[in-house]
>>> print(open('my_file_5.pdb').read())   # PDB, C-alpha atoms
MODEL        1
ATOM      1  CA  MET A 174     120.580 199.583 132.784
ATOM      2  CA  ASN A 175     118.652 202.634 131.770
ATOM      3  CA  VAL A 176     115.018 202.776 132.927
ATOM      4  CA  ASN A 177     112.812 205.394 131.328
ATOM      5  CA  ILE A 178     109.278 206.541 131.918
ATOM      6  CA  ARG A 179     107.859 204.166 129.281
ATOM      7  CA  TYR A 180     108.940 201.170 131.321
ATOM      8  CA  TYR A 181     107.112 202.440 134.404
ATOM      9  CA  VAL A 182     103.967 203.129 132.416
ATOM     10  CA  LEU A 183     103.934 199.671 130.863
ATOM     11  CA  THR A 184     104.620 198.058 134.232
ATOM     12  CA  ILE A 185     101.795 199.926 135.925
ATOM     13  CA  ALA A 186      99.440 199.151 133.017
ATOM     14  CA  ALA A 187     100.325 195.465 133.228
ATOM     15  CA  ILE A 188      99.646 195.457 136.974
ATOM     16  CA  PHE A 189      96.212 197.071 136.544
ATOM     17  CA  MET A 190      95.389 194.711 133.668
ATOM     18  CA  ALA A 191      96.296 191.750 135.815
ATOM     19  CA  LEU A 192      94.124 193.101 138.612
ATOM     20  CA  GLY A 193      91.252 193.638 136.175
ATOM     21  CA  ILE A 194      91.575 190.129 134.812
ATOM     22  CA  GLY A 195      91.663 188.734 138.333
ATOM     23  CA  ILE A 196      88.594 190.700 139.347
ATOM     24  CA  PHE A 197      86.738 189.576 136.201
ATOM     25  CA  ILE A 198      87.629 185.937 136.766
ATOM     26  CA  GLY A 199      86.543 186.181 140.402
ATOM     27  CA  PHE A 200      83.259 187.824 139.439
ATOM     28  CA  MET A 201      82.554 185.152 136.830
ATOM     29  CA  LEU A 202      83.268 182.367 139.290
ATOM     30  CA  ASP A 203      81.035 183.987 141.864
ATOM     31  CA  GLY A 204      78.326 184.604 139.220
ATOM     32  CA  GLN A 205      78.375 180.978 138.164
ATOM     33  CA  LYS A 206      77.909 180.010 141.783
ATOM     34  CA  VAL A 207      74.908 182.356 142.130
ATOM     35  CA  PHE A 208      73.432 181.110 138.816
ATOM     36  CA  SER A 209      73.906 177.502 139.885
ATOM     37  CA  GLU A 210      72.172 178.197 143.205
ATOM     38  CA  GLN A 211      69.253 179.899 141.429
ATOM     39  CA  GLN A 212      68.993 177.015 138.989
ATOM     40  CA  ASP A 213      68.915 174.527 141.854
ATOM     41  CA  THR A 214      66.187 176.584 143.555
ATOM     42  CA  ILE A 215      64.063 176.678 140.402
ATOM     43  CA  ILE A 216      64.493 172.941 139.852
ATOM     44  CA  ASN A 217      63.470 172.240 143.444
ATOM     45  CA  GLN A 218      60.416 174.461 143.068
ATOM     46  CA  LEU A 219      59.413 172.720 139.825
ATOM     47  CA  GLU A 220      59.894 169.318 141.415
ATOM     48  CA  GLN A 221      57.687 170.365 144.326
ATOM     49  CA  LYS A 222      54.997 171.707 141.991
ATOM     50  CA  PHE A 223      55.123 168.485 140.000
ATOM     51  CA  LYS A 224      54.679 166.486 143.208
ATOM     52  CA  ASP A 225      51.765 168.741 144.189
ATOM     53  CA  ILE A 226      50.164 168.225 140.775
ATOM     54  CA  GLN A 227      50.648 164.461 141.050
ATOM     55  CA  THR A 228      48.994 164.505 144.478
ATOM     56  CA  GLU A 229      46.120 166.671 143.207
ATOM     57  CA  ASN A 230      45.681 164.447 140.160
ATOM     58  CA  SER A 231      45.580 161.364 142.347
ATOM     59  CA  ASN A 232      42.953 163.020 144.581
ATOM     60  CA  LEU A 233      40.885 163.989 141.543
ATOM     61  CA  LYS A 234      41.042 160.429 140.217
ATOM     62  CA  ASP A 235      39.838 159.152 143.579
ATOM     63  CA  ASN A 236      37.006 161.703 143.546
ATOM     64  CA  VAL A 237      36.025 160.753 139.999
ATOM     65  CA  GLN A 238      35.969 157.082 140.889
ATOM     66  CA  SER A 239      33.845 157.842 143.929
ATOM     67  CA  LEU A 240      31.422 159.995 141.902
ATOM     68  CA  ASN A 241      31.217 157.364 139.148
ATOM     69  CA  LYS A 242      30.395 154.756 141.762
ATOM     70  CA  GLN A 243      27.666 156.984 143.208
ATOM     71  CA  LEU A 244      26.358 157.678 139.689
ATOM     72  CA  ASP A 245      26.269 153.954 138.985
ATOM     73  CA  TYR A 246      24.282 153.385 142.181
ATOM     74  CA  MET A 247      21.912 156.211 141.213
ATOM     75  CA  ASN A 248      21.410 154.762 137.733
ATOM     76  CA  GLN A 249      20.655 151.360 139.217
ATOM     77  CA  TYR A 250      18.204 152.990 141.616
ATOM     78  CA  ASN A 251      16.529 154.883 138.759
ATOM     79  CA  LYS A 252      16.174 151.738 136.680
ATOM     80  CA  ILE A 253      14.482 149.983 139.588
ATOM     81  CA  VAL A 254      12.257 152.870 140.709
ATOM     82  CA  PHE A 255      11.317 154.418 137.345
ATOM     83  CA  PRO A 256       9.095 151.572 136.045
ATOM     84  CA  GLU A 257       7.179 151.494 139.319
ATOM     85  CA  LEU A 258       6.896 155.276 139.401
ATOM     86  CA  VAL A 259       5.351 155.610 135.934
ATOM     87  CA  LYS A 260       3.480 152.307 135.764
ATOM     88  CA  GLY A 261      -0.042 152.697 134.427
ATOM     89  CA  ARG A 262       0.024 156.498 134.237
ATOM     90  CA  LEU A 263      -0.610 156.529 130.469
ATOM     91  CA  ASN A 264      -2.777 153.433 130.194
ATOM     92  CA  GLY A 265      -4.785 153.429 126.990
ATOM     93  CA  VAL A 266      -3.088 156.519 125.503
ATOM     94  CA  LYS A 267      -2.172 156.031 121.822
ATOM     95  CA  VAL A 268       0.959 157.966 120.971
ATOM     96  CA  ALA A 269       2.389 158.921 117.583
ATOM     97  CA  ILE A 270       6.108 159.753 117.684
ATOM     98  CA  ILE A 271       7.337 162.052 114.915
ATOM     99  CA  GLU A 272      11.108 162.533 114.577
ATOM    100  CA  THR A 273      11.808 165.481 112.286
ATOM    101  CA  ASN A 274      15.298 164.336 111.273
ATOM    102  CA  ASN A 275      17.335 161.169 111.536
ATOM    103  CA  ASP A 276      20.225 162.613 113.598
ATOM    104  CA  PHE A 277      19.229 160.786 116.789
ATOM    105  CA  ILE A 278      17.889 157.487 118.110
ATOM    106  CA  TYR A 279      15.258 157.502 120.876
ATOM    107  CA  PRO A 280      15.008 154.036 122.449
ATOM    108  CA  GLY A 281      14.673 155.525 125.946
ATOM    109  CA  LEU A 282      11.706 157.629 124.871
ATOM    110  CA  ARG A 283       9.843 154.650 123.438
ATOM    111  CA  ASN A 284      10.609 152.401 126.407
ATOM    112  CA  ALA A 285       9.461 155.072 128.863
ATOM    113  CA  LEU A 286       6.115 155.495 127.109
ATOM    114  CA  MET A 287       5.513 151.756 127.044
ATOM    115  CA  LYS A 288       6.455 151.390 130.723
ATOM    116  CA  ALA A 289       3.851 154.052 131.491
ATOM    117  CA  GLY A 290       1.238 151.948 129.696
ATOM    118  CA  ALA A 291       0.979 153.969 126.490
ATOM    119  CA  THR A 292       0.589 152.332 123.092
ATOM    120  CA  ILE A 293       2.934 153.629 120.402
ATOM    121  CA  SER A 294       0.627 153.638 117.412
ATOM    122  CA  SER A 295       3.219 154.906 114.939
ATOM    123  CA  ILE A 296       6.771 156.206 114.558
ATOM    124  CA  THR A 297       7.573 158.585 111.697
ATOM    125  CA  ILE A 298      11.117 159.702 110.867
ATOM    126  CA  PHE A 299      11.780 162.432 108.304
ATOM    127  CA  LYS A 300      14.840 161.707 106.151
ATOM    128  CA  ASP A 301      17.505 164.248 105.203
ATOM    129  CA  ASN A 302      17.017 163.828 101.450
ATOM    130  CA  LEU A 303      13.891 166.009 101.646
ATOM    131  CA  ASN A 304      16.298 168.955 101.678
ATOM    132  CA  ASP A 305      17.917 167.941  98.369
ATOM    133  CA  LEU A 306      15.038 167.405  95.964
ATOM    134  CA  ASP A 307      15.758 168.065  92.301
ATOM    135  CA  GLU A 308      13.147 169.601  90.005
ATOM    136  CA  SER A 309      11.885 166.202  88.873
ATOM    137  CA  ASP A 310      11.368 165.069  92.483
ATOM    138  CA  LYS A 311       9.623 168.331  93.367
ATOM    139  CA  THR A 312       7.256 167.986  90.420
ATOM    140  CA  ASP A 313       6.468 164.391  91.331
ATOM    141  CA  LEU A 314       5.859 165.304  94.983
ATOM    142  CA  LEU A 315       3.675 168.261  93.973
ATOM    143  CA  ASN A 316       1.544 166.067  91.723
ATOM    144  CA  ASN A 317       1.107 163.486  94.468
ATOM    145  CA  LEU A 318       0.186 165.989  97.175
ATOM    146  CA  SER A 319      -2.248 167.713  94.804
ATOM    147  CA  LYS A 320      -4.448 164.610  95.022
ATOM    148  CA  TYR A 321      -5.395 165.699  98.533
ATOM    149  CA  GLY A 322      -6.070 169.393  97.909
ATOM    150  CA  ASN A 323      -4.430 172.591  96.743
ATOM    151  CA  VAL A 324      -0.653 172.790  97.275
ATOM    152  CA  ASP A 325       1.583 175.863  97.242
ATOM    153  CA  SER A 326       4.586 174.868  95.108
ATOM    154  CA  ASN A 327       6.706 177.466  96.949
ATOM    155  CA  HIS A 328       5.995 175.729 100.272
ATOM    156  CA  LEU A 329       6.084 172.124  99.171
ATOM    157  CA  ILE A 330       7.692 170.518 102.242
ATOM    158  CA  GLU A 331       5.440 172.523 104.568
ATOM    159  CA  SER A 332       2.417 171.139 102.716
ATOM    160  CA  LEU A 333       3.833 167.624 102.949
ATOM    161  CA  SER A 334       4.363 168.008 106.717
ATOM    162  CA  GLN A 335       0.821 169.248 107.272
ATOM    163  CA  LYS A 336      -0.814 166.539 105.182
ATOM    164  CA  LEU A 337       1.302 163.771 106.681
ATOM    165  CA  THR A 338       0.335 164.946 110.182
ATOM    166  CA  ASP A 339      -3.311 164.774 109.145
ATOM    167  CA  VAL A 340      -2.834 161.209 107.858
ATOM    168  CA  ILE A 341      -1.018 160.104 111.033
ATOM    169  CA  ILE A 342      -3.823 161.461 113.207
ATOM    170  CA  SER A 343      -6.876 160.532 111.149
ATOM    171  CA  GLY A 344      -5.695 157.409 109.320
ATOM    172  CA  GLN A 345      -7.272 158.681 106.087
ATOM    173  CA  ASP A 346      -5.316 158.858 102.797
ATOM    174  CA  ALA A 347      -2.776 156.401 104.203
ATOM    175  CA  GLU A 348      -1.499 155.720 100.674
ATOM    176  CA  LEU A 349       0.500 158.958 101.065
ATOM    177  CA  ILE A 350       2.648 157.220 103.680
ATOM    178  CA  THR A 351       3.354 154.354 101.267
ATOM    179  CA  TYR A 352       4.387 156.847  98.584
ATOM    180  CA  LEU A 353       6.697 158.773 100.925
ATOM    181  CA  LYS A 354       8.284 155.553 102.196
ATOM    182  CA  ASP A 355       8.855 154.254  98.662
ATOM    183  CA  LYS A 356      10.526 157.542  97.705
ATOM    184  CA  GLY A 357      12.777 157.361 100.778
ATOM    185  CA  TYR A 358      11.465 160.611 102.246
ATOM    186  CA  ILE A 359      10.349 159.057 105.538
ATOM    187  CA  ASP A 360      10.602 155.912 107.617
ATOM    188  CA  PHE A 361       7.296 154.784 109.058
ATOM    189  CA  THR A 362       6.293 151.949 111.351
ATOM    190  CA  GLY A 363       2.928 151.283 112.949
ATOM    191  CA  THR A 364      -0.610 152.163 111.961
ATOM    192  CA  PRO A 365      -1.910 155.681 111.280
ATOM    193  CA  GLY A 366      -5.120 156.868 112.937
ATOM    194  CA  SER A 367      -6.621 156.842 116.447
ATOM    195  CA  THR A 368      -3.859 159.109 117.769
ATOM    196  CA  ASP A 369      -4.431 160.562 121.246
ATOM    197  CA  PHE A 370      -1.102 162.346 121.626
ATOM    198  CA  ILE A 371       1.856 163.390 119.446
ATOM    199  CA  VAL A 372       5.426 163.444 120.721
ATOM    200  CA  LEU A 373       7.468 165.658 118.396
ATOM    201  CA  ALA A 374      11.192 164.826 118.629
ATOM    202  CA  GLY A 375      13.310 167.654 117.250
ATOM    203  CA  GLY A 376      16.703 169.261 117.664
ATOM    204  CA  SER A 377      19.451 168.901 115.086
ATOM    205  CA  ASN A 378      23.186 168.497 114.638
ATOM    206  CA  LEU A 379      23.064 170.497 111.392
ATOM    207  CA  LYS A 380      22.470 174.232 111.109
ATOM    208  CA  ASN A 381      20.412 173.738 107.939
ATOM    209  CA  ASN A 382      17.566 171.993 109.723
ATOM    210  CA  ASN A 383      13.885 171.262 109.131
ATOM    211  CA  LEU A 384      12.468 173.404 111.927
ATOM    212  CA  ASN A 385      10.444 175.880 109.870
ATOM    213  CA  ILE A 386       9.410 173.554 107.046
ATOM    214  CA  VAL A 387       8.650 170.406 109.055
ATOM    215  CA  ASP A 388       8.293 170.988 112.809
ATOM    216  CA  ILE A 389       6.235 174.185 112.813
ATOM    217  CA  PRO A 390       3.712 172.932 110.193
ATOM    218  CA  ILE A 391       3.289 169.697 112.199
ATOM    219  CA  ILE A 392       2.591 171.668 115.377
ATOM    220  CA  ARG A 393       0.064 173.918 113.671
ATOM    221  CA  GLN A 394      -1.755 171.028 111.997
ATOM    222  CA  ALA A 395      -1.956 169.069 115.265
ATOM    223  CA  LYS A 396      -3.496 172.098 116.943
ATOM    224  CA  ILE A 397      -5.993 172.541 114.116
ATOM    225  CA  LEU A 398      -7.050 168.929 114.650
ATOM    226  CA  ASN A 399      -7.139 169.468 118.424
ATOM    227  CA  VAL A 400      -4.634 166.705 119.191
ATOM    228  CA  PRO A 401      -2.265 167.328 122.148
ATOM    229  CA  ILE A 402       1.410 167.607 121.168
ATOM    230  CA  VAL A 403       4.601 167.942 123.208
ATOM    231  CA  GLY A 404       8.077 168.825 121.915
ATOM    232  CA  VAL A 405      11.166 166.916 123.046
ATOM    233  CA  GLU A 406      14.854 166.787 122.209
ATOM    234  CA  GLN A 407      18.071 165.347 123.604
ATOM    235  CA  SER A 408      20.260 167.337 125.980
ATOM    236  CA  ASP A 409      23.291 167.250 123.642
ATOM    237  CA  VAL A 410      21.781 168.610 120.404
ATOM    238  CA  LYS A 411      23.927 171.237 118.672
ATOM    239  CA  TYR A 412      20.928 173.250 117.463
ATOM    240  CA  SER A 413      18.025 173.294 119.895
ATOM    241  CA  TYR A 414      14.393 173.638 118.782
ATOM    242  CA  VAL A 415      12.813 174.159 122.204
ATOM    243  CA  ASP A 416      12.756 177.952 122.002
ATOM    244  CA  ALA A 417      10.811 177.765 118.728
ATOM    245  CA  TYR A 418       8.502 175.159 120.286
ATOM    246  CA  ARG A 419       7.821 177.461 123.239
ATOM    247  CA  LYS A 420       6.840 180.239 120.847
ATOM    248  CA  GLN A 421       4.191 177.841 119.503
ATOM    249  CA  HIS A 422       2.921 177.468 123.105
ATOM    250  CA  LEU A 423       4.097 173.880 123.418
ATOM    251  CA  SER A 424       5.162 172.135 126.576
ATOM    252  CA  THR A 425       8.734 170.892 126.094
ATOM    253  CA  VAL A 426      11.274 168.461 127.536
ATOM    254  CA  ASP A 427      14.858 169.101 126.394
ATOM    255  CA  ASN A 428      16.649 166.188 128.127
ATOM    256  CA  ILE A 429      14.598 163.274 126.851
ATOM    257  CA  ASP A 430      17.745 161.098 126.738
ATOM    258  CA  THR A 431      17.703 160.938 130.562
ATOM    259  CA  ILE A 432      15.343 159.243 132.998
ATOM    260  CA  ILE A 433      14.577 162.669 134.468
ATOM    261  CA  GLY A 434      13.494 163.895 131.038
ATOM    262  CA  GLN A 435      11.445 160.767 130.368
ATOM    263  CA  THR A 436       9.708 161.195 133.712
ATOM    264  CA  SER A 437       8.995 164.833 132.844
ATOM    265  CA  LEU A 438       7.470 163.785 129.517
ATOM    266  CA  ILE A 439       5.037 161.403 131.193
ATOM    267  CA  MET A 440       4.117 164.091 133.715
ATOM    268  CA  VAL A 441       3.523 166.605 130.899
ATOM    269  CA  MET A 442       1.334 164.090 129.080
ATOM    270  CA  GLN A 443      -0.673 163.749 132.292
ATOM    271  CA  GLY A 444      -1.290 167.492 132.278
ATOM    272  CA  LYS A 445       1.734 169.135 133.944
ATOM    273  CA  ASP A 446       2.200 172.006 131.498
ATOM    274  CA  GLY A 447       5.568 173.734 131.201
ATOM    275  CA  ASN A 448       9.063 173.675 129.765
ATOM    276  CA  TYR A 449      11.345 171.235 131.536
ATOM    277  CA  GLY A 450      14.988 170.233 131.318
ATOM    278  CA  VAL A 451      18.457 171.722 131.509
ATOM    279  CA  LYS A 452      18.494 174.551 128.972
ATOM    280  CA  PRO A 453      17.925 178.309 129.366
ATOM    281  CA  GLY A 454      14.268 179.318 129.573
ATOM    282  CA  ASP A 455      13.020 176.106 131.186
ATOM    283  CA  THR A 456      10.424 176.268 133.945
ATOM    284  CA  SER A 457      12.461 173.823 136.035
ATOM    285  CA  ILE A 458      14.360 170.554 135.760
ATOM    286  CA  MET A 459      11.026 168.678 135.972
ATOM    287  CA  PRO A 460       7.447 169.114 137.224
ATOM    288  CA  ASP A 461       6.992 169.160 140.981
ATOM    289  CA  SER A 462       4.675 166.151 141.307
ATOM    290  CA  PHE A 463       2.659 163.573 139.404
ATOM    291  CA  ILE A 464      -1.023 163.966 138.769
ATOM    292  CA  GLU A 465      -2.714 160.943 140.263
ATOM    293  CA  PRO A 466      -4.904 158.883 137.873
ATOM    294  CA  THR A 467      -8.201 160.090 139.402
ATOM    295  CA  GLN A 468      -7.130 163.693 139.116
ATOM    296  CA  GLN A 469      -5.844 163.038 135.601
ATOM    297  CA  SER A 470      -9.252 161.864 134.428
ATOM    298  CA  GLN A 471     -10.826 165.028 135.844
ATOM    299  CA  ASN A 472      -8.328 167.195 133.979
ATOM    300  CA  SER A 473      -8.373 165.247 130.708
ATOM    301  CA  THR A 474     -10.217 168.029 128.891
ATOM    302  CA  THR A 475      -7.760 170.757 129.918
ATOM    303  CA  ASN A 476      -4.522 169.534 128.345
ATOM    304  CA  SER A 477      -1.896 172.213 127.830
ATOM    305  CA  ASN A 478      -1.739 171.762 124.075
ATOM    306  CA  GLU A 479      -5.366 171.996 123.095
ATOM    307  CA  VAL A 480      -6.247 174.795 120.688
ATOM    308  CA  LYS A 481      -7.235 178.028 122.349
TER     309      LYS A 481
ENDMDL
END
>>> encode(input="my_file_5.pdb", output="structure tokens")
Amino acid sequence: MNVNIRYYVLTIAAIFMALGIGIFIGFMLDGQKVFSEQQDTIINQLEQKFKDIQTENSNLKDNVQSLNKQLDYMNQYNKIVFPELVKGRLNGVKVAIIETNNDFIYPGLRNALMKAGATISSITIFKDNLNDLDESDKTDLLNNLSKYGNVDSNHLIESLSQKLTDVIISGQDAELITYLKDKGYIDFTGTPGSTDFIVLAGGSNLKNNNLNIVDIPIIRQAKILNVPIVGVEQSDVKYSYVDAYRKQHLSTVDNIDTIIGQTSLIMVMQGKDGNYGVKPGDTSIMPDSFIEPTQQSQNSTTNSNEVK
């Protein structure tokens, strides 16, 4: 049998190829083992994190339940204490509430005033359709307002706001209220006239709001007539009016939907000037103390909203 060099070369090549294949197979088997171990480690870590999250979530739920229970106790306490705290502090005060849009409902505001002894002489709510008057409606409104004096047709709603404020305070020209109600421009309950104090409820959920054409004219007219006025809004309004109210030198309460805010309102109406609530620029969350009735009578001529 003749053996040449080619045979040796092929044999050696086959041996090295077999060794290479063996090494590759061994490496792959070892790599799979390492990968499997890493995968097991990651899974264990994830399982531990999941258990930690479950434990944390359970603790948070317990904390929330505990806080809700404390909040419920606090609310019960407030409901018991609040009527006694404010009782009689606004006896004999006749209040006109003016809501400058119909985005919100204010039962807490009204109840708080009545618990303090105030009489709500009227409630006026401006409707949204005042922003969508066609030319015919504008002409009709202009003609009606012209009965009570000169009206700038370019500032029609401002003129309406000023005149309506005058009617609410004085009780004169009350037929304007009937007209505005019939046209669906306002809702009105109560009796105009003999108003000692105005509570202006603003804030809006719409960017295109009535601030400049309704609220500001009302404030200015109330000051001209020397009737105290305070601005309020709920804590969750999307577009706050309190900054604009402050610029008109009004005392404000921006969390009137809470008992704290309702307490602040009564304190402001007693003579505790300032800007109270939970929004930037406020003096504090609420006034520091009530004015006692005897002191209130002494300070009755120095209310924060009288015209300077």
>>> atom_distance(input="my_file_5.pdb", atom1="atom CA of Val451 of chain A", atom2="atom CA of Ser408 of chain A")
7.3 Å
>>> closest_residue(input="my_file_5.pdb", among="A:Met247, A:Leu219, A:Val268, A:Leu306", to="Thr368 of chain A", atoms="only C-alpha atoms")
A:Val268
>>> residues_near_point(input="my_file_5.pdb", point="(2.2, 169.8, 121.8)", cutoff="6 Å", atoms="all atoms listed in the file", output="list in words")
Pro401, Ile402, Val403, Gly404, Leu423 and Asn478 of chain A
>>> closest_residue(input="my_file_5.pdb", among="A:Glu220, A:Asp307, A:Asp461, A:Glu331", to="Gln394 of chain A", atoms="only C-alpha atoms")
A:Glu331
>>> atom_distance(input="my_file_5.pdb", atom1="atom CA of Leu244 of chain A", atom2="atom CA of Gln227 of chain A")
25.3 Å
>>> residues_around(input="my_file_5.pdb", residues="Ile433 of chain A", least_positions_apart="3", cutoff="9 Å", atoms="all atoms listed in the file", output="ChimeraX atom specification")
/A:428-430,436-438,450,458-459
>>> closest_atom_pairs(input="my_file_5.pdb", of="segment 357-456 of chain A", to="segment 336-341 of chain A", cutoff="6 Å", atoms="all atoms listed in the file", output="tab-separated table")
residue	atom	partner	partner_atom	distance
A:Pro365	CA	A:Ile341	CA	4.5
A:Gly366	CA	A:Ile341	CA	5.6
A:Ile391	CA	A:Thr338	CA	5.9
>>> atom_distance(input="my_file_5.pdb", atom1="atom CA of Gly265 of chain A", atom2="atom CA of Ser295 of chain A")
14.5 Å
>>> resolve_selection(input="my_file_5.pdb", expression="the PyMOL selection byres ((chain A and resi 460) around 12)", output="PDB file with C-alpha atoms, in the frame of the given file")
ATOM      1  CA  SER A 424       5.162 172.135 126.576  1.00  0.00           C
ATOM      2  CA  THR A 425       8.734 170.892 126.094  1.00  0.00           C
ATOM      3  CA  VAL A 426      11.274 168.461 127.536  1.00  0.00           C
ATOM      4  CA  ILE A 433      14.577 162.669 134.468  1.00  0.00           C
ATOM      5  CA  GLY A 434      13.494 163.895 131.038  1.00  0.00           C
ATOM      6  CA  GLN A 435      11.445 160.767 130.368  1.00  0.00           C
ATOM      7  CA  THR A 436       9.708 161.195 133.712  1.00  0.00           C
ATOM      8  CA  SER A 437       8.995 164.833 132.844  1.00  0.00           C
ATOM      9  CA  LEU A 438       7.470 163.785 129.517  1.00  0.00           C
ATOM     10  CA  ILE A 439       5.037 161.403 131.193  1.00  0.00           C
ATOM     11  CA  MET A 440       4.117 164.091 133.715  1.00  0.00           C
ATOM     12  CA  VAL A 441       3.523 166.605 130.899  1.00  0.00           C
ATOM     13  CA  MET A 442       1.334 164.090 129.080  1.00  0.00           C
ATOM     14  CA  GLN A 443      -0.673 163.749 132.292  1.00  0.00           C
ATOM     15  CA  GLY A 444      -1.290 167.492 132.278  1.00  0.00           C
ATOM     16  CA  LYS A 445       1.734 169.135 133.944  1.00  0.00           C
ATOM     17  CA  ASP A 446       2.200 172.006 131.498  1.00  0.00           C
ATOM     18  CA  GLY A 447       5.568 173.734 131.201  1.00  0.00           C
ATOM     19  CA  ASN A 448       9.063 173.675 129.765  1.00  0.00           C
ATOM     20  CA  TYR A 449      11.345 171.235 131.536  1.00  0.00           C
ATOM     21  CA  GLY A 450      14.988 170.233 131.318  1.00  0.00           C
ATOM     22  CA  ASP A 455      13.020 176.106 131.186  1.00  0.00           C
ATOM     23  CA  THR A 456      10.424 176.268 133.945  1.00  0.00           C
ATOM     24  CA  SER A 457      12.461 173.823 136.035  1.00  0.00           C
ATOM     25  CA  ILE A 458      14.360 170.554 135.760  1.00  0.00           C
ATOM     26  CA  MET A 459      11.026 168.678 135.972  1.00  0.00           C
ATOM     27  CA  ASP A 461       6.992 169.160 140.981  1.00  0.00           C
ATOM     28  CA  SER A 462       4.675 166.151 141.307  1.00  0.00           C
ATOM     29  CA  PHE A 463       2.659 163.573 139.404  1.00  0.00           C
ATOM     30  CA  ILE A 464      -1.023 163.966 138.769  1.00  0.00           C
TER      31      ILE A 464
END
